[in-house]
Amino acid sequence: MSMHVTIRKRIVSADRQFALDIDFDSDSRRIALFGPSGAGKSLTLRAIAGLLAPDSGRIVLNGRTLFDSEAGIDVRPQERRVAYLFQDYALFPHLTVAQNVAFGHSRGWRNPSRVALPPQAVRWIDAFGLRDIVSQYPAQISGGQKQRVALARALVAQPDIVLLDEPFSALDPALRTRMRQELRALQESLDVPMVVISHDPKDVEVLGDHVLEIRDGHIHGGGRGSRHPPVYAPQPAHAL
Amino acid sequence: MTAFPRLAACTALTLGLLAAPPVFAADLVVSAAASLTNAFKTLAGQYERAHPDTKVVLNFGASDVLMQQIVKGAPADVFASADQDAMNRAEAGKVVQPASRKDFAANQVVLVVPADSPLGIGTLRDLTRAEVKRVAYGNPSSVPVGRYTKGALEAEHLWDAVAAKGVPAQNVRQCLDYVARGEVDAGFVFATDAAIMPDKVKVAVRVPSRTPVTYPIAITAQTKQAAQADSFVQYVLSPQGQAVLSRYGFQKP
Amino acid sequence: MDAIWTPLLLSLKVAGWATLLNAVLGVAAAYGIARWRSAARDVVDAILTLPLVLPPTVLGYYLLVLVGRRGVFGAWLESIGITLVFTWQGAVLASTVVAFPLVLKSARAAFEGVDHQLENAARVLGVSEAGIFFRVTLPLALRGILAGVLLAFARALGEFGATLMIAGNLPGRTQTLSVAIYEAVQAGDDNTANLLVLVTSVTCVVLLVVAGRLVPPVARGVGDLYERRHFRRGPAQR
């Protein structure tokens with residue numbers, strides 16, 4: 001797996017400006033983006049997924065160019081085969097769990113049926129233990145279940161890479177620990193590369209091989225395995 | 001502008017708009033048939049110049065509708081109708097003073113066509129031709145000119161054929177408007193109405209009417225200004241009033 | 001009871017067609033405006049909402065200017081055999097124009113209320129833009145859209161001013177319920193007027209109740225809705 005990401009984007013809103021200037025390469029299958037809120041982690045992920053158009057830059061995944069401002073290439077998100085797990089899961093509230101999971105499988109204008117499930121969907125529903133709640137709606141299931149549904153939905157589409165935006169932020173500590181281990185196990189068994197965003201150092205430790213620290217829209221440092229810089233080192237007051 | 005001056009200005013404007021308009025010593029409300037629109041506007045203007053303390057408020061519409069309004073309590077002082085039928089019903093409803101009832105004008109029903117009409121209509125029977133697709137007339141149930149029309153067509157056994165392609169109008173002026181705009185191929189109006197738009201409509205047939213087309217005028221029963229109302233009626237009947245009417249094409253009753 | 005049935009059926013026919021047209025046109029326009037990123041879109045929205053604030057007779061007049069026999073498009077329409085003045089199709093045109101802003105405003109608000117993240121989620125899952133519209137955006141906006149369509153139907157059913165101007169009052173052809181009531185009152189026929197008013201009111205109520213049943217229910221979680229037990233508010237006073 002190889003990934004090259006160069007993103008430059010200026011975001012101007014009514015009261016503030018934000019400059020994103022990201023540049024990194026990685027051949028790790030377990031990348032973690034780490035940094036405080038507002039650092040630009042989500043924006044980076046969105047750019048990789050194709051939901052945000054950089055002003056300039058290049059994004060290449062496994063030799064496939066997804067974005068290149070100089071060559072005029074901008075692949076639509078529909079075609080990038082990049083899975084994105086949103087922070088609040090973004091489950092479709094008007095569809096059942098089964099329909100959510102099978103959503104990416106049908107590409108037409110009709111939603112998947114409530115009863116007849118394609119084999120890929122069945123595989124992931126069973127893998128995540130969602131059989132009991134297949135006919136329920138997202139409003140009726142718990143946070144942990146929602147996360148598993150979101151993950152199953154993303155994996156049914158057989159993506160080249162999975163991007164997870166603060167996957168555990170809405171869960172309680174006990175559940176976090178459990179989900180963290182589950183995700184780790186998934187990473188091993190699945191062999192699908194993952195990029196995880198978190199501001200929790202524990203997440204980064206367990207889920208990241210290649211850790212990139214982002215601050216104020218830039219990569220501040222990075223490292224492999226146990227050689228990455230101490231995470232969550234308190235900043236001296238004057239640097240904030 | 002700070003808040004207070006703005007608020008003060010708005011309040012002043014609102015109060016100014018709500019303030020009552022100047023009230024004349026006597027507001028005389030005259031409900032008159034639609035065909036009298038132009039004649040009565042001129043007449044009222046002359047009357048006001050002769051009686052500066054009176055303002056004449058004119059209300060035009062189909063005679064039956066005006067009669068209904070008065071029956072339901074509308075504050076009219078004088079009622080001028082385009083046919084005897086509407087006035088008869090007003091009398092039956094006891095909303096006019098029978099002693100004050102007088103005929104003040106006469107008119108003629110005509111068939112008009114759009115000024116540029118290529119259809120060459122010269123008789124009432126021509127209306128049954130296939131090229132004549134739509135014919136307008138006042139709604140007989142509520143418009144005098146419609147009743148005269150129906151009477152005239154029934155006399156020639158043409159009513160059913162014409163009604164099949166009929167477009168009922170709310171009053172005679174709407175009928176005229178339909179013809180002027182070319183929405184219909186022909187329409188029945190009064191000669192006085194046709195005379196208002198010589199460039200848009202032309203008279204095709206002078207329609208003989210079974211009943212004489214005479215206009216009665218009367219003072220309403222619930223008027224609070226009987227003296228002024230009577231004064232206005234007398235003016236309409238006077239040589240000056242009659243001169244105005246004849247200028248607009250009305251005949252003597 | 002032909003005096004009742006004919007105007008009733010005509011009113012339902014005219015209002016039905018007008019609402020159908022508005023459902024399609026209004027939703028399409030609302031979606032376009034909701035997605036359009038330009039300062040001009042508010043101007044376009046305001047122009048399309050004009051029929052809501054203009055008096056119906058003014059609208060009727062504008063329609064006549066456009067489609068009357070001597071109107072801007074009238075001559076061309078006549079040449080291809082389409083007559084709108086004094087026909088029920090003209091009544092449909094009047095009702096459509098008058099009720100259009102009701103669908104437009106409701107649908108636009110409904111579309112703008114759909115969470116963008118959900119549309120983005122569908123995008124990364126590989127669904128086409130059209131697929132996203134029919135599978136995510138439209139179902140989630142449906143309640144708001146239906147509310148607007150219902151309002152539009154009620155408005156079309158009661159349309160009078162513009163209809164009278166362009167379609168006239170031709171019994172059996174363009175005399176809708178509202179116009180029939182007007183004529184009955186003008187002719188002093190209070191009995192017919194009362195009956196027509198009663199029929200109109202009952203029809204509207206029945207239709208609104210039936211339509212309310214058709215709106216899809218919202219899936220709620222356990223404990224999502226605020227509910228109280230009817231105990232005392234606080235400790236008992238001595």
# chains A, B, ... in the order shown; residues from 1 in each chain; ligands from 1

call {"tool": "residues_around", "arguments": {"residues": "Pro101 (chain C)", "least_positions_apart": "5", "cutoff": "9 Å", "atoms": "only C-alpha atoms", "output": "NGL selection string"}}
result
:C and (22 or 26 or 48-52 or 106 or 148 or 152)

call {"tool": "write_last_selection", "arguments": {"atoms": "N, CA and C atoms", "output": "compact mmCIF listing (two decimals), in the first residue's frame"}}
result
# COMPACT_ATOMS: atom_id res chain seq x y z
N ASN C 22 -47.82 21.24 -9.94
CA ASN C 22 -47.01 21.94 -8.95
C ASN C 22 -46.07 21.02 -8.22
N GLY C 26 -42.65 22.36 -8.69
CA GLY C 26 -42.21 22.97 -7.44
C GLY C 26 -41.02 22.24 -6.84
N LEU C 48 -40.20 33.79 -8.13
CA LEU C 48 -41.09 32.63 -8.19
C LEU C 48 -42.12 32.65 -7.07
N THR C 49 -41.85 33.42 -6.02
CA THR C 49 -42.79 33.49 -4.90
C THR C 49 -43.81 34.60 -5.10
N LEU C 50 -43.61 35.44 -6.12
CA LEU C 50 -44.53 36.56 -6.36
C LEU C 50 -46.01 36.19 -6.36
N PRO C 51 -46.41 35.06 -6.99
CA PRO C 51 -47.84 34.76 -7.01
C PRO C 51 -48.47 34.68 -5.63
N LEU C 52 -47.64 34.53 -4.61
CA LEU C 52 -48.19 34.44 -3.26
C LEU C 52 -48.59 35.82 -2.75
N SER C 106 -42.05 25.25 0.72
CA SER C 106 -41.98 24.09 1.61
C SER C 106 -40.90 23.12 1.16
N GLY C 148 -46.39 20.94 1.89
CA GLY C 148 -46.55 22.00 0.91
C GLY C 148 -47.54 21.63 -0.18
N ALA C 152 -50.98 23.45 -1.26
CA ALA C 152 -51.21 23.86 -2.64
C ALA C 152 -52.55 23.33 -3.13

call {"tool": "select_by_dssp", "arguments": {"residues": "chain A", "states": "strand (DSSP E or B)", "output": "JSON, numbers by chain"}}
result
{"A": [3, 4, 5, 6, 7, 8, 9, 10, 11, 12, 17, 18, 19, 20, 21, 22, 23, 24, 25, 26, 30, 31, 32, 33, 34, 56, 57, 58, 59, 60, 61, 64, 65, 66, 67, 68, 73, 74, 82, 83, 84, 85, 161, 162, 163, 164, 165, 194, 195, 196, 197, 198, 210, 211, 212, 213, 214, 215, 218, 219, 220, 221, 222, 223, 224]}

call {"tool": "closest_atom_pairs", "arguments": {"of": "chain C", "to": "chain B", "cutoff": "8 Å", "atoms": "only C-alpha atoms", "output": "CSV"}}
result
residue,atom,partner,partner_atom,distance
C:Gly68,CA,B:Glu183,CA,6.8
C:Arg69,CA,B:Glu183,CA,5.7
C:Arg70,CA,B:Gly182,CA,6.8
C:Val85,CA,B:Glu183,CA,7.4
C:Phe86,CA,B:Val167,CA,7.8
C:Gly168,CA,B:Val167,CA,7.5
C:Asn169,CA,B:Pro168,CA,6.5
C:Leu170,CA,B:Val167,CA,6.2
C:Gln186,CA,B:Val65,CA,5.3
C:Ala187,CA,B:Ser142,CA,5.4
C:Gly188,CA,B:Gln68,CA,6.4

call {"tool": "write_last_selection", "arguments": {"atoms": "N, CA and C atoms", "output": "PDB file, in the first residue's frame"}}
result
ATOM      1  N   GLY C  68     -54.026  35.164 -23.554  1.00  0.00           N
ATOM      2  CA  GLY C  68     -55.272  35.557 -24.194  1.00  0.00           C
ATOM      3  C   GLY C  68     -55.114  35.485 -25.701  1.00  0.00           C
ATOM      4  N   ARG C  69     -56.232  35.489 -26.411  1.00  0.00           N
ATOM      5  CA  ARG C  69     -56.179  35.335 -27.871  1.00  0.00           C
ATOM      6  C   ARG C  69     -55.227  36.311 -28.521  1.00  0.00           C
ATOM      7  N   ARG C  70     -55.159  37.508 -27.980  1.00  0.00           N
ATOM      8  CA  ARG C  70     -54.244  38.499 -28.558  1.00  0.00           C
ATOM      9  C   ARG C  70     -53.018  38.677 -27.688  1.00  0.00           C
ATOM     10  N   VAL C  85     -58.166  30.442 -22.543  1.00  0.00           N
ATOM     11  CA  VAL C  85     -59.180  31.328 -21.988  1.00  0.00           C
ATOM     12  C   VAL C  85     -60.543  30.656 -22.114  1.00  0.00           C
ATOM     13  N   PHE C  86     -61.327  30.723 -21.065  1.00  0.00           N
ATOM     14  CA  PHE C  86     -62.668  30.138 -21.000  1.00  0.00           C
ATOM     15  C   PHE C  86     -62.659  28.615 -21.093  1.00  0.00           C
ATOM     16  N   GLY C 168     -63.273  32.430 -16.795  1.00  0.00           N
ATOM     17  CA  GLY C 168     -64.651  32.892 -16.841  1.00  0.00           C
ATOM     18  C   GLY C 168     -65.564  32.042 -15.976  1.00  0.00           C
ATOM     19  N   ASN C 169     -66.834  32.216 -16.173  1.00  0.00           N
ATOM     20  CA  ASN C 169     -67.833  31.537 -15.372  1.00  0.00           C
ATOM     21  C   ASN C 169     -68.776  30.798 -16.309  1.00  0.00           C
ATOM     22  N   LEU C 170     -68.313  29.705 -16.875  1.00  0.00           N
ATOM     23  CA  LEU C 170     -69.120  28.941 -17.816  1.00  0.00           C
ATOM     24  C   LEU C 170     -69.625  27.683 -17.122  1.00  0.00           C
ATOM     25  N   GLN C 186     -74.667  36.284  -5.956  1.00  0.00           N
ATOM     26  CA  GLN C 186     -75.021  37.433  -6.785  1.00  0.00           C
ATOM     27  C   GLN C 186     -76.465  37.367  -7.246  1.00  0.00           C
ATOM     28  N   ALA C 187     -76.921  36.153  -7.524  1.00  0.00           N
ATOM     29  CA  ALA C 187     -78.289  36.007  -8.008  1.00  0.00           C
ATOM     30  C   ALA C 187     -79.286  35.989  -6.864  1.00  0.00           C
ATOM     31  N   GLY C 188     -78.792  36.093  -5.632  1.00  0.00           N
ATOM     32  CA  GLY C 188     -79.688  36.098  -4.479  1.00  0.00           C
ATOM     33  C   GLY C 188     -80.171  34.712  -4.104  1.00  0.00           C
TER      34      GLY C 188
END

call {"tool": "interface_residues", "arguments": {"of": "chain C", "to": "chain A", "cutoff": "6 Å", "atoms": "only C-alpha atoms", "output": "list in words"}}
result
Leu118, Arg123, Val124, Leu125, Gly126, Val127, Gly131, Arg135, Arg220 and Gly221 of chain C

call {"tool": "select_by_dssp", "arguments": {"residues": "region 72-120 of chain A", "states": "helix (DSSP H, G or I)", "output": "list in words"}}
result
Pro77, Gln78, Glu79, Arg80, Val97, Ala98, Gln99, Asn100, Val101, Phe103, Gly104, His105, Pro119 and Gln120 of chain A

call {"tool": "write_last_selection", "arguments": {"atoms": "C-alpha atoms", "output": "compact mmCIF listing (two decimals), in the first residue's frame"}}
result
# COMPACT_ATOMS: atom_id res chain seq x y z
CA PRO A 77 -16.01 10.49 -4.57
CA GLN A 78 -18.28 7.86 -6.09
CA GLU A 79 -15.35 6.44 -8.00
CA ARG A 80 -12.53 6.75 -5.48
CA VAL A 97 -29.91 -1.41 9.61
CA ALA A 98 -30.07 -4.01 6.85
CA GLN A 99 -30.79 -1.39 4.21
CA ASN A 100 -28.01 0.82 5.54
CA VAL A 101 -25.47 -1.95 5.37
CA PHE A 103 -26.76 0.64 0.66
CA GLY A 104 -23.51 0.78 -1.29
CA HIS A 105 -24.23 -2.50 -3.00
CA PRO A 119 -24.29 -11.93 0.39
CA GLN A 120 -21.67 -9.26 1.12

call {"tool": "residues_around", "arguments": {"residues": "Val5 (chain A)", "least_positions_apart": "5", "cutoff": "8 Å", "atoms": "only C-alpha atoms", "output": "MDAnalysis selection string"}}
result
chainID A and resid 22:25 48 57:60

call {"tool": "write_last_selection", "arguments": {"atoms": "C-alpha atoms", "output": "PDB file, in the first residue's frame"}}
result
ATOM      1  CA  ILE A  22      -0.576  18.972   4.309  1.00  0.00           C
ATOM      2  CA  ASP A  23       2.237  16.961   2.826  1.00  0.00           C
ATOM      3  CA  PHE A  24       3.010  13.334   3.646  1.00  0.00           C
ATOM      4  CA  ASP A  25       3.856   9.977   2.196  1.00  0.00           C
ATOM      5  CA  ILE A  48      -8.749  12.271   0.426  1.00  0.00           C
ATOM      6  CA  GLY A  57      -2.129  19.372  -4.533  1.00  0.00           C
ATOM      7  CA  ARG A  58      -1.859  15.731  -5.379  1.00  0.00           C
ATOM      8  CA  ILE A  59      -3.409  12.640  -3.873  1.00  0.00           C
ATOM      9  CA  VAL A  60      -2.208   9.266  -5.030  1.00  0.00           C
TER      10      VAL A  60
END

call {"tool": "residues_around", "arguments": {"residues": "region 166-171 of chain A", "least_positions_apart": "3", "cutoff": "9 Å", "atoms": "only C-alpha atoms", "output": "list in words"}}
result
Ser42, Leu85, Phe86, Gln87, Asp88, Tyr89, Gly143, Gly144, Gln147, Ala174, Leu175, Arg176, Met179, Arg180, Val196, Ile197, Ser198, His199, Asp200 and Asp203 of chain A

call {"tool": "residues_around", "arguments": {"residues": "Ile31 (chain A)", "least_positions_apart": "2", "cutoff": "10 Å", "atoms": "only C-alpha atoms", "output": "PDB file with N, CA and C atoms, in the first residue's frame"}}
result
ATOM      1  N   SER A  26       3.229   7.750   2.842  1.00  0.00           N
ATOM      2  CA  SER A  26       3.195   6.642   3.783  1.00  0.00           C
ATOM      3  C   SER A  26       3.051   5.328   3.050  1.00  0.00           C
ATOM      4  N   ASP A  27       3.689   4.291   3.579  1.00  0.00           N
ATOM      5  CA  ASP A  27       3.416   2.961   3.039  1.00  0.00           C
ATOM      6  C   ASP A  27       2.883   2.061   4.131  1.00  0.00           C
ATOM      7  N   SER A  28       2.437   2.681   5.197  1.00  0.00           N
ATOM      8  CA  SER A  28       1.882   1.901   6.302  1.00  0.00           C
ATOM      9  C   SER A  28       0.417   1.591   6.041  1.00  0.00           C
ATOM     10  N   ARG A  29      -0.058   0.454   6.553  1.00  0.00           N
ATOM     11  CA  ARG A  29      -1.470   0.117   6.401  1.00  0.00           C
ATOM     12  C   ARG A  29      -2.282   0.626   7.579  1.00  0.00           C
ATOM     13  N   LEU A  33      -3.842   9.949  12.297  1.00  0.00           N
ATOM     14  CA  LEU A  33      -3.684  11.399  12.281  1.00  0.00           C
ATOM     15  C   LEU A  33      -4.071  11.908  13.653  1.00  0.00           C
ATOM     16  N   PHE A  34      -3.166  12.612  14.264  1.00  0.00           N
ATOM     17  CA  PHE A  34      -3.352  12.969  15.661  1.00  0.00           C
ATOM     18  C   PHE A  34      -3.206  14.477  15.817  1.00  0.00           C
ATOM     19  N   LEU A 163     -11.265   5.408   5.888  1.00  0.00           N
ATOM     20  CA  LEU A 163     -10.914   6.598   6.671  1.00  0.00           C
ATOM     21  C   LEU A 163     -11.887   6.696   7.837  1.00  0.00           C
ATOM     22  N   PRO A 193      -6.154  -1.094   4.338  1.00  0.00           N
ATOM     23  CA  PRO A 193      -5.491   0.023   5.010  1.00  0.00           C
ATOM     24  C   PRO A 193      -6.509   0.942   5.668  1.00  0.00           C
ATOM     25  N   MET A 194      -6.081   1.504   6.803  1.00  0.00           N
ATOM     26  CA  MET A 194      -6.979   2.412   7.503  1.00  0.00           C
ATOM     27  C   MET A 194      -6.251   3.677   7.896  1.00  0.00           C
ATOM     28  N   VAL A 195      -6.969   4.791   7.835  1.00  0.00           N
ATOM     29  CA  VAL A 195      -6.450   6.043   8.378  1.00  0.00           C
ATOM     30  C   VAL A 195      -7.402   6.459   9.486  1.00  0.00           C
ATOM     31  N   VAL A 196      -6.893   6.587  10.696  1.00  0.00           N
ATOM     32  CA  VAL A 196      -7.750   6.912  11.837  1.00  0.00           C
ATOM     33  C   VAL A 196      -7.408   8.303  12.351  1.00  0.00           C
ATOM     34  N   ILE A 197      -8.447   9.105  12.596  1.00  0.00           N
ATOM     35  CA  ILE A 197      -8.237  10.409  13.223  1.00  0.00           C
ATOM     36  C   ILE A 197      -8.605  10.294  14.683  1.00  0.00           C
ATOM     37  N   VAL A 204      -4.441   6.260  19.224  1.00  0.00           N
ATOM     38  CA  VAL A 204      -3.292   6.333  18.326  1.00  0.00           C
ATOM     39  C   VAL A 204      -2.311   5.206  18.605  1.00  0.00           C
ATOM     40  N   LEU A 207      -3.988   1.854  17.368  1.00  0.00           N
ATOM     41  CA  LEU A 207      -4.412   1.725  15.970  1.00  0.00           C
ATOM     42  C   LEU A 207      -3.435   2.272  14.946  1.00  0.00           C
ATOM     43  N   GLY A 208      -2.415   2.961  15.395  1.00  0.00           N
ATOM     44  CA  GLY A 208      -1.536   3.585  14.404  1.00  0.00           C
ATOM     45  C   GLY A 208      -0.146   2.994  14.388  1.00  0.00           C
ATOM     46  N   ASP A 209       0.295   2.706  13.172  1.00  0.00           N
ATOM     47  CA  ASP A 209       1.689   2.314  12.992  1.00  0.00           C
ATOM     48  C   ASP A 209       2.495   3.549  12.628  1.00  0.00           C
ATOM     49  N   HIS A 210       1.921   4.292  11.682  1.00  0.00           N
ATOM     50  CA  HIS A 210       2.550   5.524  11.232  1.00  0.00           C
ATOM     51  C   HIS A 210       1.704   6.655  11.787  1.00  0.00           C
ATOM     52  N   VAL A 211       2.287   7.396  12.715  1.00  0.00           N
ATOM     53  CA  VAL A 211       1.512   8.444  13.375  1.00  0.00           C
ATOM     54  C   VAL A 211       1.916   9.804  12.827  1.00  0.00           C
ATOM     55  N   LEU A 212       0.946  10.596  12.406  1.00  0.00           N
ATOM     56  CA  LEU A 212       1.224  11.941  11.909  1.00  0.00           C
ATOM     57  C   LEU A 212       0.543  12.939  12.817  1.00  0.00           C
ATOM     58  N   ARG A 224       7.243   6.209  13.092  1.00  0.00           N
ATOM     59  CA  ARG A 224       6.777   4.840  12.908  1.00  0.00           C
ATOM     60  C   ARG A 224       6.804   4.113  14.223  1.00  0.00           C
TER      61      ARG A 224
END

call {"tool": "residues_around", "arguments": {"residues": "Thr42 (chain B)", "least_positions_apart": "3", "cutoff": "10 Å", "atoms": "only C-alpha atoms", "output": "PyMOL selection string"}}
result
chain B and resi 37-39+45-47+241+244-245+248

call {"tool": "write_last_selection", "arguments": {"atoms": "N, CA and C atoms", "output": "CSV table (one decimal), in the first residue's frame"}}
result
chain,number,residue,atom,x,y,z
B,37,THR,N,-71.6,53.9,-16.2
B,37,THR,CA,-70.4,54.3,-15.6
B,37,THR,C,-69.9,55.7,-16.1
B,38,ASN,N,-69.7,55.8,-17.4
B,38,ASN,CA,-69.1,57.0,-17.9
B,38,ASN,C,-70.1,58.2,-17.7
B,39,ALA,N,-71.4,58.0,-18.0
B,39,ALA,CA,-72.3,59.1,-17.9
B,39,ALA,C,-72.5,59.6,-16.5
B,45,GLY,N,-69.8,64.6,-11.2
B,45,GLY,CA,-68.9,65.7,-11.2
B,45,GLY,C,-69.6,67.1,-11.3
B,46,GLN,N,-70.5,67.1,-12.2
B,46,GLN,CA,-71.3,68.4,-12.4
B,46,GLN,C,-72.1,68.7,-11.2
B,47,TYR,N,-72.7,67.6,-10.6
B,47,TYR,CA,-73.6,67.8,-9.5
B,47,TYR,C,-72.8,68.3,-8.3
B,241,GLY,N,-78.9,67.2,-16.5
B,241,GLY,CA,-78.7,65.7,-16.4
B,241,GLY,C,-78.9,65.0,-17.7
B,244,VAL,N,-76.3,65.4,-20.3
B,244,VAL,CA,-75.1,64.5,-20.1
B,244,VAL,C,-75.4,63.1,-20.6
B,245,LEU,N,-76.6,62.6,-20.3
B,245,LEU,CA,-76.9,61.3,-20.7
B,245,LEU,C,-77.0,61.2,-22.2
B,248,TYR,N,-73.8,60.8,-24.0
B,248,TYR,CA,-73.2,59.5,-24.0
B,248,TYR,C,-74.0,58.5,-24.8

call {"tool": "atom_distance", "arguments": {"atom1": "CA of Ala32 (chain B)", "atom2": "CA of Ala76 (chain B)"}}
result
10.0 Å

call {"tool": "residues_around", "arguments": {"residues": "region 192-209 of chain C", "least_positions_apart": "2", "cutoff": "12 Å", "atoms": "only C-alpha atoms", "output": "NGL selection string"}}
result
:C and (1-9 or 11-12 or 15-16 or 146-147 or 149-158 or 176-190 or 211-215)

call {"tool": "closest_residue", "arguments": {"among": "B:Lys102, B:Lys41, B:Lys133, B:Lys202", "to": "Pro114 (chain B)", "atoms": "only C-alpha atoms"}}
result
B:Lys202

call {"tool": "atom_distance", "arguments": {"atom1": "CA of Leu59 (chain C)", "atom2": "CA of Leu164 (chain C)"}}
result
11.0 Å

call {"tool": "atom_distance", "arguments": {"atom1": "CA of Ala226 (chain B)", "atom2": "CA of Ser100 (chain B)"}}
result
10.4 Å
